[in-house]
file input_35.csv (CSV, C-alpha atoms)
chain,number,residue,atom,x,y,z
U,371,MET,CA,-11.8,5.1,6.1
U,372,SER,CA,-13.8,7.4,6.6
U,373,ARG,CA,-12.3,9.7,3.8
U,374,THR,CA,-14.4,13.3,1.7
U,375,VAL,CA,-13.3,13.9,1.8
U,376,ALA,CA,-14.4,12.1,2.5
U,377,THR,CA,-15.1,12.1,5.2
U,378,THR,CA,-14.1,13.5,3.0
U,379,ARG,CA,-14.3,9.6,4.3
U,380,GLY,CA,-14.6,11.1,-0.4
U,381,THR,CA,-16.9,11.2,-0.5
U,382,PRO,CA,-22.8,8.9,-0.6
U,383,ALA,CA,-26.8,9.9,3.6
U,384,PRO,CA,-30.2,9.1,4.7
U,385,ALA,CA,-33.2,9.1,2.4
U,386,GLY,CA,-33.9,12.4,1.0
U,387,SER,CA,-30.2,13.5,1.0
U,388,PRO,CA,-28.2,13.5,-2.2
U,389,ALA,CA,-25.2,12.4,-0.2
U,390,ALA,CA,-26.9,9.0,-0.2
U,391,ASP,CA,-26.3,8.8,-4.0
U,392,ALA,CA,-22.7,9.6,-3.8
U,393,PRO,CA,-19.5,8.1,-2.6
U,394,ALA,CA,-17.6,9.4,0.4
U,395,PRO,CA,-15.7,12.7,0.5
U,396,GLY,CA,-13.8,12.9,1.7
U,397,GLY,CA,-11.3,11.4,2.8
U,398,ILE,CA,-10.5,8.4,4.2
U,399,ALA,CA,-12.5,9.0,7.4
U,400,PRO,CA,-16.2,9.7,7.1
U,401,PRO,CA,-17.2,13.4,7.6
U,402,SER,CA,-19.8,14.3,10.1
U,403,ARG,CA,-23.1,12.8,11.2
U,404,GLY,CA,-26.1,12.1,8.9
U,405,ALA,CA,-29.7,13.1,9.0
U,406,ALA,CA,-32.6,12.1,11.1
U,407,PRO,CA,-33.2,8.3,11.5
U,408,HIS,CA,-36.9,8.3,10.5
U,409,THR,CA,-36.0,9.0,6.9
U,410,HIS,CA,-33.9,5.9,6.6
U,411,ARG,CA,-34.9,2.3,5.9
U,412,PRO,CA,-32.2,-0.1,7.1
U,413,ARG,CA,-31.3,-3.1,5.0
U,414,SER,CA,-32.3,-6.5,6.3
U,415,GLY,CA,-30.0,-9.5,6.7
U,416,HIS,CA,-26.5,-10.0,8.1
U,417,ALA,CA,-24.8,-9.2,4.8
U,418,GLY,CA,-27.0,-6.2,4.3
U,419,ALA,CA,-26.1,-4.9,7.8
U,420,TRP,CA,-22.4,-5.1,7.0
U,421,ALA,CA,-22.8,-3.5,3.6
U,422,GLU,CA,-24.6,-0.6,5.4
U,423,LEU,CA,-22.0,-0.4,8.1
U,424,LEU,CA,-19.2,-0.3,5.5
U,425,ARG,CA,-21.0,2.0,3.1
U,426,LEU,CA,-19.9,0.0,0.1
U,427,PRO,CA,-21.0,2.5,-2.6
U,428,ALA,CA,-18.6,5.0,-1.0
U,429,LEU,CA,-15.7,2.8,-2.1
U,430,PHE,CA,-15.9,4.2,-5.7
U,431,THR,CA,-14.3,7.5,-4.5
U,432,VAL,CA,-11.2,5.8,-3.3
U,433,PRO,CA,-9.3,4.4,-6.3
U,434,GLY,CA,-9.1,7.8,-7.9
U,435,ASP,CA,-6.7,9.0,-5.2
U,436,ALA,CA,-4.1,6.4,-6.1
U,437,LEU,CA,-4.6,7.0,-9.8
U,438,ALA,CA,-4.2,10.7,-9.5
U,439,GLY,CA,-1.1,10.2,-7.3
U,440,ALA,CA,0.4,7.8,-9.9
U,441,ALA,CA,-0.2,10.3,-12.7
U,442,ALA,CA,1.3,13.2,-10.6
U,443,ALA,CA,4.4,11.1,-10.0
U,444,GLY,CA,4.8,10.7,-13.8
U,445,ALA,CA,4.4,6.9,-13.6
U,446,ARG,CA,2.1,4.5,-15.4
U,447,PRO,CA,-0.2,2.6,-13.1
U,448,GLY,CA,0.9,-0.9,-12.5
U,449,PRO,CA,0.8,-3.8,-9.9
U,450,ARG,CA,2.1,-1.5,-7.2
U,451,THR,CA,-0.7,1.0,-8.0
U,452,LEU,CA,-3.2,-1.8,-7.5
U,453,LEU,CA,-1.6,-2.6,-4.1
U,454,ALA,CA,-2.0,1.0,-3.2
U,455,ILE,CA,-5.6,1.0,-4.2
U,456,GLY,CA,-6.2,-2.1,-2.1
U,457,SER,CA,-4.5,-0.5,0.8
U,458,SER,CA,-6.6,2.6,0.5
U,459,LEU,CA,-9.8,0.6,0.3
U,460,CYS,CA,-8.9,-1.3,3.4
U,461,LEU,CA,-8.0,1.8,5.4
U,462,TYR,CA,-11.2,3.5,4.2
U,463,GLU,CA,-13.4,0.7,5.3
U,464,ALA,CA,-11.5,0.5,8.6
U,465,GLY,CA,-12.5,4.1,9.1
U,466,MET,CA,-16.1,3.4,8.3
U,467,ALA,CA,-16.4,0.6,10.8
U,468,LEU,CA,-14.5,2.5,13.5
U,469,ASN,CA,-16.7,5.6,12.9
U,470,ASP,CA,-19.8,3.7,13.9
U,471,TRP,CA,-18.1,1.9,16.8
U,472,ALA,CA,-16.9,5.2,18.2
U,473,ASP,CA,-20.4,6.8,17.8
U,474,ARG,CA,-22.5,3.9,18.9
U,475,ALA,CA,-23.7,5.6,22.1
U,476,GLU,CA,-24.8,8.7,20.1
U,477,ASP,CA,-26.4,6.6,17.4
U,478,ALA,CA,-28.4,4.6,20.0
U,479,VAL,CA,-30.2,7.9,20.8
U,480,GLU,CA,-30.3,9.7,17.4
U,481,ARG,CA,-30.0,6.9,14.9
U,482,PRO,CA,-31.2,3.6,16.4
U,483,HIS,CA,-31.8,2.1,13.0
U,484,ARG,CA,-28.0,1.8,12.3
U,485,PRO,CA,-26.3,-1.6,12.3
U,486,LEU,CA,-24.7,-1.3,15.8
U,487,PRO,CA,-27.5,0.2,17.9
U,488,SER,CA,-30.1,-1.9,16.2
U,489,GLY,CA,-28.1,-5.0,17.1
U,490,ARG,CA,-27.6,-6.3,13.6
U,491,VAL,CA,-23.8,-6.0,14.0
U,492,ARG,CA,-22.1,-6.4,17.4
U,493,PRO,CA,-19.8,-3.5,18.5
U,494,ALA,CA,-17.0,-6.0,19.1
U,495,ALA,CA,-17.3,-7.3,15.6
U,496,ALA,CA,-17.2,-3.7,14.2
U,497,LEU,CA,-14.0,-2.9,16.2
U,498,THR,CA,-12.4,-6.2,15.2
U,499,ALA,CA,-13.2,-5.4,11.5
U,500,ALA,CA,-11.6,-2.0,11.9
U,501,CYS,CA,-8.5,-3.5,13.4
U,502,GLY,CA,-8.3,-6.2,10.8
U,503,LEU,CA,-8.8,-3.9,7.9
U,504,THR,CA,-6.2,-1.5,9.2
U,505,GLY,CA,-3.7,-4.3,9.4
U,506,ALA,CA,-4.6,-5.5,5.9
U,507,GLY,CA,-4.2,-2.0,4.5
U,508,LEU,CA,-0.7,-1.6,6.1
U,509,LEU,CA,0.3,-5.1,4.8
U,510,LEU,CA,-0.7,-4.2,1.2
U,511,ALA,CA,1.2,-1.0,1.5
U,512,ALA,CA,4.2,-2.9,2.7
U,513,ARG,CA,4.0,-5.2,-0.3
U,514,ALA,CA,4.0,-2.1,-2.6
U,515,GLY,CA,7.3,-1.0,-1.1
U,516,ARG,CA,8.8,1.0,1.8
U,517,PRO,CA,7.8,4.4,0.3
U,518,ALA,CA,4.2,3.3,0.2
U,519,LEU,CA,4.3,2.0,3.8
U,520,ALA,CA,5.9,5.2,4.9
U,521,VAL,CA,2.8,7.0,3.7
U,522,ALA,CA,0.2,4.4,4.7
U,523,ALA,CA,1.3,4.4,8.4
U,524,PRO,CA,0.5,8.1,9.0
U,525,LEU,CA,-2.6,7.7,6.9
U,526,ALA,CA,-3.9,4.9,9.2
U,527,ALA,CA,-3.0,7.0,12.3
U,528,THR,CA,-4.9,9.9,10.9
U,529,VAL,CA,-8.0,7.7,10.3
U,530,TRP,CA,-8.0,6.4,13.9
U,531,ALA,CA,-7.2,9.8,15.4
U,532,TYR,CA,-10.1,11.4,13.4
U,533,ASP,CA,-12.7,8.8,14.4
U,534,LEU,CA,-11.6,8.5,18.1
U,535,ALA,CA,-10.7,12.0,19.0
U,536,LEU,CA,-10.8,14.7,16.3
U,537,LYS,CA,-14.1,14.3,14.6
U,538,HIS,CA,-16.0,16.7,16.8
U,539,THR,CA,-13.2,19.2,17.3
U,540,SER,CA,-12.0,22.1,15.2
U,541,ALA,CA,-9.2,19.9,13.9
U,542,GLY,CA,-11.7,17.4,12.4
U,543,PRO,CA,-11.9,19.0,8.9
U,544,VAL,CA,-8.1,19.3,8.8
U,545,ALA,CA,-7.6,15.7,9.7
U,546,MET,CA,-10.0,14.7,6.9
U,547,ALA,CA,-8.2,16.8,4.4
U,548,ALA,CA,-4.9,15.3,5.5
U,549,ALA,CA,-6.2,11.8,5.1
U,550,ARG,CA,-7.4,12.4,1.6
U,551,GLY,CA,-4.1,14.1,0.6
U,552,LEU,CA,-2.1,11.2,2.2
U,553,ASP,CA,-4.2,8.7,0.2
U,554,LEU,CA,-3.2,10.4,-3.1
U,555,LEU,CA,0.4,10.5,-2.0
U,556,LEU,CA,0.1,6.7,-1.2
U,557,GLY,CA,-0.5,6.1,-4.9
U,558,ALA,CA,2.4,8.3,-5.9
U,559,ALA,CA,4.8,6.6,-3.5
U,560,ALA,CA,3.7,3.1,-4.5
U,561,THR,CA,3.9,3.7,-8.2
U,562,GLY,CA,6.7,6.2,-8.6
U,563,GLY,CA,8.7,5.7,-5.4
U,564,GLY,CA,8.4,9.3,-4.2
U,565,THR,CA,5.8,11.9,-3.3
U,566,ARG,CA,7.3,15.3,-4.0
U,567,ALA,CA,5.9,15.6,-7.5
U,568,ALA,CA,2.4,14.7,-6.2
U,569,LEU,CA,2.3,17.3,-3.4
U,570,PRO,CA,0.5,20.0,-5.4
U,571,SER,CA,-2.3,17.5,-6.4
U,572,ALA,CA,-2.5,16.3,-2.8
U,573,ALA,CA,-2.9,19.9,-1.6
U,574,LEU,CA,-5.7,20.6,-4.2
U,575,LEU,CA,-7.6,17.4,-3.3
U,576,GLY,CA,-7.1,18.0,0.4
U,577,SER,CA,-8.5,21.6,0.1
U,578,HIS,CA,-11.6,20.2,-1.6
U,579,THR,CA,-12.0,17.7,1.3
U,580,LEU,CA,-11.5,20.4,3.9
U,581,ALA,CA,-14.4,22.5,2.3
U,582,VAL,CA,-16.8,19.5,2.1
U,583,THR,CA,-16.1,18.4,5.7
U,584,ALA,CA,-16.6,22.0,7.0
U,585,VAL,CA,-20.0,22.1,5.4
U,586,SER,CA,-20.9,18.6,6.7
U,587,ARG,CA,-20.5,19.7,10.3
U,588,LYS,CA,-23.8,21.6,10.0
U,589,GLU,CA,-25.8,19.1,7.9
U,590,THR,CA,-28.1,18.0,10.7
U,591,THR,CA,-28.7,21.5,12.2
U,592,GLY,CA,-28.1,23.9,9.3
U,593,GLY,CA,-27.9,27.6,10.0
U,594,SER,CA,-24.4,28.2,8.7
U,595,THR,CA,-24.0,30.3,5.5
U,596,LEU,CA,-20.2,30.8,6.0
U,597,ALA,CA,-19.2,27.2,5.5
U,598,PRO,CA,-21.1,26.7,2.1
U,599,LEU,CA,-20.0,30.1,1.0
U,600,ALA,CA,-16.4,29.3,1.8
U,601,ALA,CA,-16.8,25.9,0.0
U,602,LEU,CA,-18.2,27.7,-3.1
U,603,ALA,CA,-15.2,30.1,-3.2
U,604,THR,CA,-12.9,27.1,-2.7
U,605,THR,CA,-14.4,25.3,-5.6
U,606,GLY,CA,-13.9,28.3,-7.9
U,607,VAL,CA,-10.2,28.7,-6.8
U,608,LEU,CA,-9.5,25.0,-7.2
U,609,ALA,CA,-11.1,24.9,-10.7
U,610,ARG,CA,-8.9,27.8,-11.8
U,611,LEU,CA,-5.8,26.2,-10.3
U,612,VAL,CA,-6.4,22.9,-12.0
U,613,THR,CA,-7.0,24.4,-15.4
U,614,HIS,CA,-4.5,27.2,-15.4
U,615,ARG,CA,-1.5,25.6,-13.6
U,616,ARG,CA,-1.3,22.4,-15.5
U,617,THR,CA,1.7,20.1,-15.2
U,618,ARG,CA,3.6,19.1,-18.3
U,619,PRO,CA,3.9,15.4,-18.8
U,620,PRO,CA,7.2,14.0,-17.5
U,621,ALA,CA,9.9,13.1,-19.9
U,622,GLY,CA,9.0,9.4,-19.7
U,623,ARG,CA,5.4,10.1,-20.8
U,624,ARG,CA,6.2,12.6,-23.6
U,625,ALA,CA,7.1,11.2,-27.0
U,626,ALA,CA,10.7,10.1,-27.2
U,627,ALA,CA,10.9,9.3,-30.8
U,628,ALA,CA,13.2,11.3,-33.1
U,629,PRO,CA,11.6,14.0,-35.3
U,630,GLY,CA,9.8,12.6,-38.3
U,631,LEU,CA,9.1,9.3,-36.7
U,632,PRO,CA,5.8,8.2,-35.0
U,633,GLY,CA,5.4,9.8,-31.6
U,634,SER,CA,7.5,12.9,-32.5
U,635,ALA,CA,6.7,16.5,-31.5
U,636,PRO,CA,3.7,17.1,-33.7
U,637,ALA,CA,1.9,14.0,-32.3
U,638,GLU,CA,2.9,15.0,-28.8
U,639,GLY,CA,1.4,18.4,-29.3
U,640,ARG,CA,-1.9,16.9,-30.5
U,641,SER,CA,-1.9,14.6,-27.5
U,642,TRP,CA,-1.3,17.5,-25.2
U,643,ASP,CA,-4.1,19.4,-26.8
U,644,THR,CA,-6.4,16.5,-26.2
U,645,GLY,CA,-5.3,16.3,-22.6
U,646,GLY,CA,-6.0,20.0,-22.2
U,647,ALA,CA,-9.5,19.7,-23.5
U,648,LEU,CA,-10.1,16.7,-21.1
U,649,VAL,CA,-8.8,18.7,-18.1
U,650,THR,CA,-11.2,21.5,-19.0
U,651,ALA,CA,-14.1,19.2,-19.3
U,652,LEU,CA,-13.4,17.3,-16.1
U,653,THR,CA,-12.8,20.5,-14.2
U,654,ALA,CA,-16.1,21.9,-15.5
U,655,ALA,CA,-17.9,18.7,-14.3
U,656,TYR,CA,-16.2,19.1,-10.9
U,657,ALA,CA,-17.3,22.7,-10.6
U,658,ALA,CA,-20.8,22.1,-11.8
U,659,THR,CA,-21.3,19.2,-9.4
U,660,ALA,CA,-20.2,21.1,-6.3
U,661,ALA,CA,-21.0,24.7,-6.9
U,662,ARG,CA,-24.8,24.6,-7.4
U,663,PRO,CA,-25.6,22.9,-4.1
U,664,TYR,CA,-23.1,25.0,-2.3
U,665,PHE,CA,-24.8,28.1,-3.7
U,666,HIS,CA,-28.3,26.9,-2.6
U,667,ALA,CA,-27.0,26.1,0.9
U,668,THR,CA,-25.5,29.6,1.1
U,669,LEU,CA,-28.9,31.2,0.2
U,670,ASN,CA,-30.8,28.9,2.6
U,671,PRO,CA,-28.7,27.0,5.1
U,672,SER,CA,-31.5,24.6,6.1
U,673,PRO,CA,-30.5,21.0,7.0
U,674,PRO,CA,-31.9,19.5,3.7
U,675,LEU,CA,-30.0,22.0,1.5
U,676,THR,CA,-26.9,21.6,3.6
U,677,GLN,CA,-27.1,17.9,3.2
U,678,ARG,CA,-27.4,18.3,-0.5
U,679,ALA,CA,-24.4,20.6,-0.5
U,680,VAL,CA,-22.4,17.8,1.2
U,681,GLY,CA,-23.7,15.3,-1.3
U,682,GLY,CA,-22.6,17.5,-4.2
U,683,GLY,CA,-19.2,17.9,-2.7
U,684,ILE,CA,-18.8,14.2,-2.3
U,685,ARG,CA,-19.9,13.5,-5.8
U,686,ALA,CA,-17.5,16.2,-7.1
U,687,THR,CA,-14.5,14.3,-5.7
U,688,ILE,CA,-14.3,11.8,-8.6
U,689,PRO,CA,-14.2,14.4,-11.4
U,690,LEU,CA,-11.6,16.3,-9.5
U,691,GLN,CA,-9.5,13.2,-9.1
U,692,ALA,CA,-9.8,12.6,-12.9
U,693,ALA,CA,-9.0,16.3,-13.7
U,694,LEU,CA,-5.8,16.0,-11.5
U,695,ALA,CA,-4.8,12.9,-13.4
U,696,ALA,CA,-5.5,14.6,-16.8
U,697,ARG,CA,-3.5,17.8,-15.9
U,698,SER,CA,-0.5,15.5,-15.4
U,699,GLY,CA,-0.8,14.2,-18.9
U,700,ALA,CA,-2.3,10.8,-18.0
U,701,VAL,CA,-5.3,10.8,-20.3
U,702,ALA,CA,-6.1,7.1,-20.0
U,703,THR,CA,-5.8,7.2,-16.2
U,704,ALA,CA,-8.1,10.2,-16.1
U,705,LEU,CA,-10.7,8.4,-18.1
U,706,VAL,CA,-10.5,5.4,-15.8
U,707,ALA,CA,-10.9,7.6,-12.8
U,708,ALA,CA,-13.9,9.4,-14.3
U,709,ALA,CA,-15.6,6.2,-15.1
U,710,LEU,CA,-15.8,5.4,-11.4
U,711,ALA,CA,-18.6,7.9,-11.0
U,712,PRO,CA,-21.3,6.2,-13.1
U,713,ALA,CA,-20.0,2.8,-11.9
U,714,GLY,CA,-20.6,3.9,-8.3
U,715,ARG,CA,-24.1,5.1,-9.1
U,716,MET,CA,-24.9,1.9,-10.9
U,717,PHE,CA,-23.6,-0.3,-8.1
U,718,ALA,CA,-25.6,1.7,-5.5
U,719,ARG,CA,-28.8,1.3,-7.5
U,720,ARG,CA,-28.4,-2.4,-8.1
U,721,ALA,CA,-27.4,-3.1,-4.5
U,722,GLY,CA,-30.4,-1.1,-3.3
U,723,MET,CA,-28.1,1.2,-1.2
U,724,ARG,CA,-28.9,4.6,-2.7
U,725,LYS,CA,-30.4,5.6,0.7
U,726,VAL,CA,-27.5,4.4,2.8
U,727,SER,CA,-25.7,7.1,4.8
U,728,ILE,CA,-21.9,7.3,4.5
U,729,THR,CA,-21.4,9.4,7.6
call {"tool": "encode", "arguments": {"input": "input_35.csv", "output": "structure tokens"}}
result
Amino acid sequence: MSRTVATTRGTPAPAGSPAADAPAPGGIAPPSRGAAPHTHRPRSGHAGAWAELLRLPALFTVPGDALAGAAAAGARPGPRTLLAIGSSLCLYEAGMALNDWADRAEDAVERPHRPLPSGRVRPAAALTAACGLTGAGLLLAARAGRPALAVAAPLAATVWAYDLALKHTSAGPVAMAAARGLDLLLGAAATGGGTRAALPSAALLGSHTLAVTAVSRKETTGGSTLAPLAALATTGVLARLVTHRRTRPPAGRRAAAAPGLPGSAPAEGRSWDTGGALVTALTAAYAATAARPYFHATLNPSPPLTQRAVGGGIRATIPLQAALAARSGAVATALVAAALAPAGRMFARRAGMRKVSIT
């Protein structure tokens, strides 16, 4: 989808850019354009071309949205959560394919190595894939229930609007942020049947995506100190909000046993202390991953350092998702979400796609 958050779409860029090592930002739709084509080595073969088009390593930023949404809704992940994750993955990949189809004329001049301008994937096939993946995403959401479909429909509309009309406008970053926030709400709606409790987490994740996408708009030209400085400030504010405005676990998750029995108040307190330490650790990982490259890009807003800032923001999406799950009291869910970061890096390395752009 393209986002990363994208993107940004949670965020994973050409050779020499850290964004190549990370999953998408943003969001469900991809962020902005990548770096110069001469730094990239395209994968050979039909399967490799589609893997490059769909930016497969970027998929590891997507499941954390639904997991964080389920945690915020106070529900344990279940079959409906898996359907939400499947829907998110389909819509994300629809945005990736649509992104390259919409930009095929621009890529023919600036990035002729990419699958569509190089002729390794036909434009009609990419558009068909985008349509089919969108339909599959909506079908999976419908299987998860009407509340999930009610969120997936505007999410799909946001993905298409971003890729076809909003990407190069001032509304682009906002659309990316909305897509990532809606993706988190999709997990909440599918798992818990509602979205109200998950709105604060969606706003936090959307704010991160907005910051990353704003920086990504200058990654090929550089020259902007305001965007990385604003992203650095946003990271600090979000880190404080996540750690200092934690959500008590809902009644269903807190120990329900009578005093003196296993699971009574003392055990609950110990579990909550463990959860608090996990929130702090994950939030620190989020801040450390994003803040340093933002700071460097603020001091020197050159294209390479701006691209590194985008890559750092993309990589920070996963620990932020995990921290949001942990602050809702879902320790196990948070650990699963956090494990997606090393899994994504391992997949990218073994698939030989560490240098594949996600934008």
call {"tool": "residues_around", "arguments": {"input": "input_35.csv", "residues": "U:Leu608", "least_positions_apart": "5", "cutoff": "9 Å", "atoms": "all atoms listed in the file", "output": "JSON, numbers by chain"}}
result
{"U": [574, 575, 577, 578, 603, 613, 653, 657]}
call {"tool": "residues_around", "arguments": {"input": "input_35.csv", "residues": "U:Thr650", "least_positions_apart": "5", "cutoff": "9 Å", "atoms": "only C-alpha atoms", "output": "PyMOL selection string"}}
result
chain U and resi 609+612-613+645+655+693
call {"tool": "closest_residue", "arguments": {"input": "input_35.csv", "among": "U:Ala558, U:Leu459, U:Ala440, U:Leu611", "to": "U:Ala428", "atoms": "only C-alpha atoms"}}
result
U:Leu459
call {"tool": "atom_distance", "arguments": {"input": "input_35.csv", "atom1": "atom CA of U:Thr644", "atom2": "atom CA of U:Ser698"}}
result
12.3 Å
call {"tool": "closest_residue", "arguments": {"input": "input_35.csv", "among": "U:Ala419, U:Ala511, U:Val491, U:Leu602", "to": "U:Leu452", "atoms": "all atoms listed in the file"}}
result
U:Ala511
